[in-house]
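Source file: final.cif; contents: mmCIF, C-alpha atoms; chains and numbers go by the auth columns.
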```cif
data_final
loop_
_atom_site.group_PDB
_atom_site.id
_atom_site.type_symbol
_atom_site.label_atom_id
_atom_site.label_comp_id
_atom_site.label_asym_id
_atom_site.label_seq_id
_atom_site.Cartn_x
_atom_site.Cartn_y
_atom_site.Cartn_z
_atom_site.B_iso_or_equiv
_atom_site.auth_seq_id
_atom_site.auth_asym_id
ATOM 1 C CA MET A 1 0.000 0.000 0.000 0.00 1 A
ATOM 2 C CA ASN A 2 2.901 2.314 0.854 0.00 2 A
ATOM 3 C CA GLU A 3 4.405 1.698 -2.607 0.00 3 A
ATOM 4 C CA MET A 4 1.102 2.633 -4.246 0.00 4 A
ATOM 5 C CA ILE A 5 0.950 5.974 -2.409 0.00 5 A
ATOM 6 C CA LYS A 6 4.541 6.748 -3.388 0.00 6 A
ATOM 7 C CA MET A 7 3.758 6.033 -7.056 0.00 7 A
ATOM 8 C CA VAL A 8 0.680 8.285 -6.964 0.00 8 A
ATOM 9 C CA VAL A 9 2.669 11.100 -5.337 0.00 9 A
ATOM 10 C CA VAL A 10 5.513 10.761 -7.872 0.00 10 A
ATOM 11 C CA LEU A 11 3.065 10.716 -10.815 0.00 11 A
ATOM 12 C CA THR A 12 1.245 13.761 -9.436 0.00 12 A
ATOM 13 C CA VAL A 13 4.479 15.725 -9.031 0.00 13 A
ATOM 14 C CA LEU A 14 5.686 14.756 -12.524 0.00 14 A
ATOM 15 C CA SER A 15 2.317 15.654 -14.077 0.00 15 A
ATOM 16 C CA ALA A 16 2.240 19.021 -12.333 0.00 16 A
ATOM 17 C CA PHE A 17 5.807 19.757 -13.449 0.00 17 A
ATOM 18 C CA ALA A 18 5.074 18.751 -17.066 0.00 18 A
ATOM 19 C CA GLY A 19 1.851 20.789 -17.115 0.00 19 A
ATOM 20 C CA GLY A 20 3.630 23.840 -15.726 0.00 20 A
ATOM 21 C CA LEU A 21 6.442 23.459 -18.256 0.00 21 A
ATOM 22 C CA LEU A 22 3.976 23.205 -21.156 0.00 22 A
ATOM 23 C CA ALA A 23 2.078 26.272 -19.927 0.00 23 A
ATOM 24 C CA ALA A 24 5.333 28.247 -19.700 0.00 24 A
ATOM 25 C CA VAL A 25 6.370 27.224 -23.228 0.00 25 A
ATOM 26 C CA ARG A 26 2.946 28.202 -24.590 0.00 26 A
ATOM 27 C CA THR A 27 3.070 31.597 -22.873 0.00 27 A
ATOM 28 C CA GLY A 28 6.634 32.185 -23.979 0.00 28 A
ATOM 29 C CA THR A 29 5.977 31.373 -27.633 0.00 29 A
ATOM 30 C CA SER A 30 2.490 32.877 -28.115 0.00 30 A
ATOM 31 C CA GLU A 31 3.865 36.215 -29.336 0.00 31 A
ATOM 32 C CA GLN A 32 6.192 34.493 -31.819 0.00 32 A
ATOM 33 C CA ILE A 33 3.337 32.343 -33.099 0.00 33 A
ATOM 34 C CA GLU A 34 1.177 35.429 -33.667 0.00 34 A
ATOM 35 C CA VAL A 35 4.000 37.149 -35.570 0.00 35 A
ATOM 36 C CA GLN A 36 4.518 34.052 -37.737 0.00 36 A
ATOM 37 C CA GLN A 37 0.769 33.805 -38.488 0.00 37 A
ATOM 38 C CA LEU A 38 0.632 37.456 -39.452 0.00 38 A
ATOM 39 C CA GLN A 39 3.685 37.183 -41.671 0.00 39 A
ATOM 40 C CA PHE A 40 3.013 33.892 -43.439 0.00 40 A
ATOM 41 C CA VAL A 41 -0.700 33.024 -43.128 0.00 41 A
ATOM 42 C CA LYS A 42 -2.862 36.103 -42.660 0.00 42 A
ATOM 43 C CA GLY A 43 -0.426 38.738 -43.922 0.00 43 A
ATOM 44 C CA PRO A 44 -0.409 37.716 -47.595 0.00 44 A
ATOM 45 C CA ALA A 45 -4.228 37.652 -47.643 0.00 45 A
ATOM 46 C CA ILE A 46 -4.458 41.059 -45.940 0.00 46 A
ATOM 47 C CA LEU A 47 -1.973 42.615 -48.352 0.00 47 A
ATOM 48 C CA GLU A 48 -3.789 41.063 -51.322 0.00 48 A
ATOM 49 C CA ILE A 49 -7.152 42.443 -50.183 0.00 49 A
ATOM 50 C CA LEU A 50 -5.735 45.879 -49.372 0.00 50 A
ATOM 51 C CA ALA A 51 -3.482 46.166 -52.439 0.00 51 A
ATOM 52 C CA GLY A 52 -2.662 49.821 -53.014 0.00 52 A
ATOM 53 C CA ALA A 53 -3.171 50.885 -49.385 0.00 53 A
ATOM 54 C CA SER A 54 -0.960 53.805 -48.363 0.00 54 A
ATOM 55 C CA ASN A 55 -0.250 52.367 -44.892 0.00 55 A
ATOM 56 C CA ASN A 56 0.967 49.097 -43.402 0.00 56 A
ATOM 57 C CA PRO A 57 -2.348 47.357 -42.650 0.00 57 A
ATOM 58 C CA ILE A 58 -0.671 44.606 -40.675 0.00 58 A
ATOM 59 C CA ALA A 59 0.703 47.166 -38.217 0.00 59 A
ATOM 60 C CA ASP A 60 -2.472 49.285 -38.205 0.00 60 A
ATOM 61 C CA ARG A 61 -4.910 47.053 -36.389 0.00 61 A
ATOM 62 C CA PHE A 62 -7.229 46.988 -33.416 0.00 62 A
ATOM 63 C CA ASN A 63 -9.211 44.393 -31.468 0.00 63 A
ATOM 64 C CA LEU A 64 -12.897 44.310 -30.609 0.00 64 A
ATOM 65 C CA THR A 65 -14.820 41.760 -28.584 0.00 65 A
ATOM 66 C CA ASP A 66 -18.018 40.224 -29.908 0.00 66 A
ATOM 67 C CA GLY A 67 -19.455 38.183 -27.058 0.00 67 A
ATOM 68 C CA GLU A 68 -16.629 35.850 -26.061 0.00 68 A
ATOM 69 C CA ILE A 69 -14.786 36.207 -29.380 0.00 69 A
ATOM 70 C CA GLU A 70 -11.966 38.724 -29.724 0.00 70 A
ATOM 71 C CA GLN A 71 -11.650 39.822 -33.348 0.00 71 A
ATOM 72 C CA THR A 72 -8.655 41.598 -34.897 0.00 72 A
ATOM 73 C CA PHE A 73 -9.434 44.242 -37.532 0.00 73 A
ATOM 74 C CA PHE A 74 -6.759 45.379 -39.988 0.00 74 A
ATOM 75 C CA VAL A 75 -7.133 48.932 -41.316 0.00 75 A
ATOM 76 C CA GLY A 76 -6.461 49.987 -44.907 0.00 76 A
ATOM 77 C CA LYS A 77 -5.904 53.651 -45.801 0.00 77 A
ATOM 78 C CA PHE A 78 -6.612 54.927 -49.291 0.00 78 A
ATOM 79 C CA ASP A 79 -5.932 58.549 -50.229 0.00 79 A
ATOM 80 C CA GLY A 80 -4.838 59.078 -46.622 0.00 80 A
ATOM 81 C CA GLU A 81 -8.201 58.018 -45.161 0.00 81 A
ATOM 82 C CA PRO A 82 -8.873 54.779 -43.253 0.00 82 A
ATOM 83 C CA THR A 83 -11.750 53.458 -45.361 0.00 83 A
ATOM 84 C CA THR A 84 -11.445 49.686 -45.242 0.00 84 A
ATOM 85 C CA VAL A 85 -11.257 46.994 -42.581 0.00 85 A
ATOM 86 C CA VAL A 86 -10.220 43.386 -43.070 0.00 86 A
ATOM 87 C CA PHE A 87 -10.905 40.570 -40.635 0.00 87 A
ATOM 88 C CA GLU A 88 -11.118 36.794 -40.564 0.00 88 A
ATOM 89 C CA ASN A 89 -13.889 34.345 -39.840 0.00 89 A
ATOM 90 C CA ILE A 90 -13.905 30.557 -39.946 0.00 90 A
ATOM 91 C CA GLY A 91 -16.190 28.670 -42.330 0.00 91 A
ATOM 92 C CA ARG A 92 -17.373 25.521 -40.591 0.00 92 A
ATOM 93 C CA GLY A 93 -18.070 22.314 -42.447 0.00 93 A
ATOM 94 C CA GLY A 94 -15.643 22.371 -45.354 0.00 94 A
ATOM 95 C CA TYR A 95 -14.967 18.996 -46.951 0.00 95 A
ATOM 96 C CA GLY A 96 -11.592 18.707 -45.210 0.00 96 A
ATOM 97 C CA GLY A 97 -12.442 20.776 -42.135 0.00 97 A
ATOM 98 C CA ASP A 98 -12.755 24.451 -41.235 0.00 98 A
ATOM 99 C CA ILE A 99 -11.753 27.183 -43.696 0.00 99 A
ATOM 100 C CA GLY A 100 -10.296 30.550 -42.635 0.00 100 A
ATOM 101 C CA VAL A 101 -11.443 33.424 -44.843 0.00 101 A
ATOM 102 C CA MET A 102 -10.383 37.090 -44.692 0.00 102 A
ATOM 103 C CA ALA A 103 -12.818 39.687 -46.009 0.00 103 A
ATOM 104 C CA GLY A 104 -12.295 43.390 -46.626 0.00 104 A
ATOM 105 C CA ILE A 105 -15.227 45.776 -46.247 0.00 105 A
ATOM 106 C CA ASN A 106 -15.342 49.434 -47.279 0.00 106 A
ATOM 107 C CA LEU A 107 -16.799 51.500 -44.413 0.00 107 A
ATOM 108 C CA ASP A 108 -18.148 54.225 -46.710 0.00 108 A
ATOM 109 C CA THR A 109 -20.036 51.982 -49.136 0.00 109 A
ATOM 110 C CA ASP A 110 -20.689 48.969 -46.854 0.00 110 A
ATOM 111 C CA LYS A 111 -19.562 46.666 -49.665 0.00 111 A
ATOM 112 C CA ILE A 112 -17.068 43.821 -49.874 0.00 112 A
ATOM 113 C CA VAL A 113 -13.731 44.955 -51.327 0.00 113 A
ATOM 114 C CA ALA A 114 -12.221 41.474 -51.697 0.00 114 A
ATOM 115 C CA VAL A 115 -11.920 38.093 -49.979 0.00 115 A
ATOM 116 C CA ALA A 116 -9.054 35.621 -49.575 0.00 116 A
ATOM 117 C CA VAL A 117 -8.795 32.151 -48.047 0.00 117 A
ATOM 118 C CA THR A 118 -6.095 31.919 -45.379 0.00 118 A
ATOM 119 C CA THR A 119 -6.252 28.338 -44.090 0.00 119 A
ATOM 120 C CA HIS A 120 -7.870 25.125 -45.279 0.00 120 A
ATOM 121 C CA SER A 121 -7.477 21.347 -45.434 0.00 121 A
ATOM 122 C CA GLU A 122 -9.389 20.865 -48.662 0.00 122 A
ATOM 123 C CA THR A 123 -8.620 18.372 -51.428 0.00 123 A
ATOM 124 C CA PRO A 124 -5.844 19.575 -53.762 0.00 124 A
ATOM 125 C CA GLY A 125 -7.221 20.334 -57.220 0.00 125 A
ATOM 126 C CA LEU A 126 -10.814 20.553 -55.969 0.00 126 A
ATOM 127 C CA GLY A 127 -11.650 22.400 -52.752 0.00 127 A
ATOM 128 C CA ALA A 128 -8.171 23.891 -52.560 0.00 128 A
ATOM 129 C CA ARG A 129 -9.132 26.020 -55.578 0.00 129 A
ATOM 130 C CA ALA A 130 -11.121 28.209 -53.163 0.00 130 A
ATOM 131 C CA LYS A 131 -7.754 29.699 -52.229 0.00 131 A
ATOM 132 C CA ASP A 132 -6.162 29.698 -55.671 0.00 132 A
ATOM 133 C CA ASP A 133 -9.007 30.499 -58.095 0.00 133 A
ATOM 134 C CA PRO A 134 -9.295 34.288 -58.542 0.00 134 A
ATOM 135 C CA LYS A 135 -12.633 33.899 -60.390 0.00 135 A
ATOM 136 C CA PHE A 136 -14.241 32.343 -57.324 0.00 136 A
ATOM 137 C CA ALA A 137 -13.019 35.098 -54.982 0.00 137 A
ATOM 138 C CA ALA A 138 -13.951 37.837 -57.485 0.00 138 A
ATOM 139 C CA GLN A 139 -17.655 36.932 -57.176 0.00 139 A
ATOM 140 C CA PHE A 140 -17.769 38.472 -53.689 0.00 140 A
ATOM 141 C CA LYS A 141 -16.324 41.837 -54.725 0.00 141 A
ATOM 142 C CA GLY A 142 -18.859 44.658 -54.585 0.00 142 A
ATOM 143 C CA LEU A 143 -21.566 42.700 -52.761 0.00 143 A
ATOM 144 C CA PRO A 144 -23.331 44.790 -50.098 0.00 144 A
ATOM 145 C CA VAL A 145 -23.122 43.725 -46.456 0.00 145 A
ATOM 146 C CA THR A 146 -26.887 43.138 -46.505 0.00 146 A
ATOM 147 C CA GLU A 147 -26.584 40.506 -49.267 0.00 147 A
ATOM 148 C CA THR A 148 -27.461 36.897 -48.457 0.00 148 A
ATOM 149 C CA ILE A 149 -24.237 35.049 -49.204 0.00 149 A
ATOM 150 C CA LYS A 150 -24.970 31.563 -50.506 0.00 150 A
ATOM 151 C CA VAL A 151 -24.101 29.450 -53.513 0.00 151 A
ATOM 152 C CA THR A 152 -26.554 29.595 -56.442 0.00 152 A
ATOM 153 C CA GLY A 153 -27.836 26.097 -55.631 0.00 153 A
ATOM 154 C CA ASP A 154 -29.004 27.425 -52.256 0.00 154 A
ATOM 155 C CA GLY A 155 -30.557 30.588 -53.732 0.00 155 A
ATOM 156 C CA GLY A 156 -27.545 32.915 -53.489 0.00 156 A
ATOM 157 C CA PRO A 157 -25.403 34.811 -56.003 0.00 157 A
ATOM 158 C CA ILE A 158 -22.161 32.762 -55.743 0.00 158 A
ATOM 159 C CA ASN A 159 -21.298 30.097 -58.318 0.00 159 A
ATOM 160 C CA ALA A 160 -19.809 27.111 -56.506 0.00 160 A
ATOM 161 C CA ILE A 161 -16.448 25.709 -57.558 0.00 161 A
ATOM 162 C CA SER A 162 -17.088 22.732 -59.816 0.00 162 A
ATOM 163 C CA GLY A 163 -16.667 19.550 -57.790 0.00 163 A
ATOM 164 C CA ALA A 164 -16.277 21.494 -54.529 0.00 164 A
ATOM 165 C CA THR A 165 -19.763 22.619 -53.504 0.00 165 A
ATOM 166 C CA ILE A 166 -19.150 21.757 -49.841 0.00 166 A
ATOM 167 C CA THR A 167 -16.037 23.936 -49.796 0.00 167 A
ATOM 168 C CA SER A 168 -17.897 26.756 -51.575 0.00 168 A
ATOM 169 C CA ARG A 169 -20.684 26.588 -48.990 0.00 169 A
ATOM 170 C CA ALA A 170 -18.147 26.792 -46.142 0.00 170 A
ATOM 171 C CA VAL A 171 -16.520 29.878 -47.701 0.00 171 A
ATOM 172 C CA CYS A 172 -19.959 31.472 -48.155 0.00 172 A
ATOM 173 C CA GLY A 173 -20.778 30.649 -44.529 0.00 173 A
ATOM 174 C CA SER A 174 -17.604 32.373 -43.392 0.00 174 A
ATOM 175 C CA ILE A 175 -18.362 35.489 -45.461 0.00 175 A
ATOM 176 C CA ALA A 176 -21.968 35.547 -44.204 0.00 176 A
ATOM 177 C CA ALA A 177 -20.674 35.397 -40.596 0.00 177 A
ATOM 178 C CA THR A 178 -18.243 38.224 -41.394 0.00 178 A
ATOM 179 C CA LEU A 179 -21.007 40.440 -42.795 0.00 179 A
ATOM 180 C CA ASN A 180 -23.262 39.771 -39.792 0.00 180 A
ATOM 181 C CA GLN A 181 -20.452 40.582 -37.389 0.00 181 A
ATOM 182 C CA TYR A 182 -19.570 43.738 -39.318 0.00 182 A
ATOM 183 C CA GLN A 183 -23.159 45.008 -39.189 0.00 183 A
ATOM 184 C CA LYS A 184 -23.347 44.295 -35.464 0.00 184 A
ATOM 185 C CA LEU A 185 -20.013 45.971 -34.661 0.00 185 A
ATOM 186 C CA LYS A 186 -20.062 48.826 -37.200 0.00 186 A
ATOM 187 C CA PRO A 187 -20.544 51.635 -34.609 0.00 187 A
ATOM 188 C CA GLU A 188 -17.590 50.328 -32.588 0.00 188 A
ATOM 189 C CA ILE A 189 -15.493 49.835 -35.744 0.00 189 A
ATOM 190 C CA ALA A 190 -16.240 53.405 -36.849 0.00 190 A
ATOM 191 C CA GLU A 191 -15.193 54.697 -33.425 0.00 191 A
ATOM 192 C CA GLN A 192 -11.950 52.693 -33.377 0.00 192 A
ATOM 193 C CA ILE A 193 -10.982 53.646 -36.915 0.00 193 A
ATOM 194 C CA LYS A 194 -10.889 57.373 -35.994 0.00 194 A
ATOM 195 C CA ALA A 195 -7.553 56.715 -34.277 0.00 195 A
ATOM 196 C CA PHE A 196 -5.990 55.947 -37.675 0.00 196 A
ATOM 197 C CA LYS A 197 -6.896 59.286 -39.323 0.00 197 A
#
```

Would you give me this structure, written as structure tokens?
Amino acid sequence: MNEMIKMVVVLTVLSAFAGGLLAAVRTGTSEQIEVQQLQFVKGPAILEILAGASNNPIADRFNLTDGEIEQTFFVGKFDGEPTTVVFENIGRGGYGGDIGVMAGINLDTDKIVAVAVTTHSETPGLGARAKDDPKFAAQFKGLPVTETIKVTGDGGPINAISGATITSRAVCGSIAATLNQYQKLKPEIAEQIKAFK
């Protein structure tokens, strides 16, 4: 019985030490991970959406909280005025899993400027075209934030990628979530964006 208690105590101490070590590593590397994501995952999409911006949209950003979700908004300046915000939402239910999609919205016109897929696990040559096919992404440009974003088969304006309807629906779901969030947070976004004038 004494041996059993010793083993439990040793296992408890080792588990606590390992847990503490993992927590310290996570805390110590979280800033580096964020920098890497901005540089290699989200950054290219942001710069593509805000092509021609006169500022560095990756540096010009702010956070807002929507319920329990903290959202990062990247600001694009054109002609010296902060007119566009870009932020990411996740499309649930893609064929290979969730799909991260960045969308840019013009604050003056309340229309989509451009969209870009950031992360996915879709099938190469099929669903992966959501990231690589400029014709698919171009369909979102100019749509108002009040538009119902769905594929044509579901009664919406977006033509699905041939052979990748599930992926197309997930991207549309992400954009729809983005537009809903934008409409809900627009007063707060407008207030935050004044700091970039």

Next item on the list: Give me the residues within 9 Å of stretch 163-177 of chain A as an NGL selection string, counting only C-alpha atoms and dropping any in the same chain fewer than 4 places off.
Entry: :A and (88-96 or 98-103 or 115 or 117 or 122-123 or 126-130 or 136 or 140 or 145 or 147-151 or 154 or 158-159 or 181-182)

May I have the residues from that selection written out with C-alpha atoms, as a compact mmCIF listing (two decimals), in the frame of the given file?
```txt
# COMPACT_ATOMS: atom_id res chain seq x y z
CA GLU A 88 -11.12 36.79 -40.56
CA ASN A 89 -13.89 34.34 -39.84
CA ILE A 90 -13.90 30.56 -39.95
CA GLY A 91 -16.19 28.67 -42.33
CA ARG A 92 -17.37 25.52 -40.59
CA GLY A 93 -18.07 22.31 -42.45
CA GLY A 94 -15.64 22.37 -45.35
CA TYR A 95 -14.97 19.00 -46.95
CA GLY A 96 -11.59 18.71 -45.21
CA ASP A 98 -12.76 24.45 -41.24
CA ILE A 99 -11.75 27.18 -43.70
CA GLY A 100 -10.30 30.55 -42.64
CA VAL A 101 -11.44 33.42 -44.84
CA MET A 102 -10.38 37.09 -44.69
CA ALA A 103 -12.82 39.69 -46.01
CA VAL A 115 -11.92 38.09 -49.98
CA VAL A 117 -8.80 32.15 -48.05
CA GLU A 122 -9.39 20.86 -48.66
CA THR A 123 -8.62 18.37 -51.43
CA LEU A 126 -10.81 20.55 -55.97
CA GLY A 127 -11.65 22.40 -52.75
CA ALA A 128 -8.17 23.89 -52.56
CA ARG A 129 -9.13 26.02 -55.58
CA ALA A 130 -11.12 28.21 -53.16
CA PHE A 136 -14.24 32.34 -57.32
CA PHE A 140 -17.77 38.47 -53.69
CA VAL A 145 -23.12 43.72 -46.46
CA GLU A 147 -26.58 40.51 -49.27
CA THR A 148 -27.46 36.90 -48.46
CA ILE A 149 -24.24 35.05 -49.20
CA LYS A 150 -24.97 31.56 -50.51
CA VAL A 151 -24.10 29.45 -53.51
CA ASP A 154 -29.00 27.42 -52.26
CA ILE A 158 -22.16 32.76 -55.74
CA ASN A 159 -21.30 30.10 -58.32
CA GLN A 181 -20.45 40.58 -37.39
CA TYR A 182 -19.57 43.74 -39.32
```

Note to self: From the options A:Ala138, A:Leu185, A:Leu179, A:Ala195, which residue's atoms come nearest to A:Ile105, counting all atoms listed in the file?
What the structure shows: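 The closest residue to A:Ile105 is A:Leu179.
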
Edge lengths and centre in Å to one decimal, as AutoDock Vina command-line options, of the axis-aligned box that encloses all listed atoms of stretch 109-112 of chain A with 4 Å added on every side?
```
--center_x -18.9 --center_y 47.9 --center_z -48.4 --size_x 11.6 --size_y 16.2 --size_z 11.0
```

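Residue membership of the PyMOL selection byres ((chain A and resi 109) around 12) in the shown file amounts to Thr83, Thr84, Gly104, Ile105, Asn106, Leu107, Asp108, Asp110, Lys111, Ile112, Val113, Gly142, Leu143, Pro144, Val145 and Thr146 of chain A.
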
Next item on the list: Select, from A:Pro124, A:Thr119, A:Leu14, A:Glu81, the residue with the minimum atom-to-atom distance to A:Val41, counting all atoms listed in the file.
Entry: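 Under the stated criterion, the closest residue is A:Thr119.
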
Next item on the list: Could you check which of A:Ser15, A:Thr178, A:Ser54, A:Ser162 is closest to A:Lys77, using all atoms listed in the file?
Entry: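 Among the listed residues, the smallest separation from A:Lys77 belongs to A:Ser54.
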
Check: Taking all atoms listed in the file into account, which of A:Lys42, A:Lys135, A:Arg61, A:Lys197 comes nearest A:Asp79?
Finding: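 Between A:Lys42, A:Lys135, A:Arg61, A:Lys197, the residue approaching A:Asp79 most closely is A:Lys197.
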
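Proximity of A:Asn180, A:Gly80, A:Phe73, A:Ala160 to A:Ile193, computed with all atoms listed in the file, is greatest for A:Phe73.
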
Margin query: I'd like the interatomic distance between atom CA of A:Ile58 and atom CA of A:Ala23, to a tenth of an Å.
Written below: 27.8 Å

Notebook entry, point to check: Which distance in Å separates atom CA of A:Asp60 and atom CA of A:Asp132, to one decimal?
Noted result: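 Taking atom CA of A:Asp60 as the start and atom CA of A:Asp132 as the end point, the length is 26.5 Å.
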
Check: From the list A:Thr152, A:Val86, A:Pro57, A:Ala190, which residue is nearest A:Gln71 when using all atoms listed in the file?
Finding: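 Checking each of A:Thr152, A:Val86, A:Pro57, A:Ala190 against A:Gln71, counting all atoms listed in the file, the winner is A:Val86.
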
Check: By how many Å are atom CA of A:Gly43 and atom CA of A:Gly156 apart?
Finding: 29.3 Å
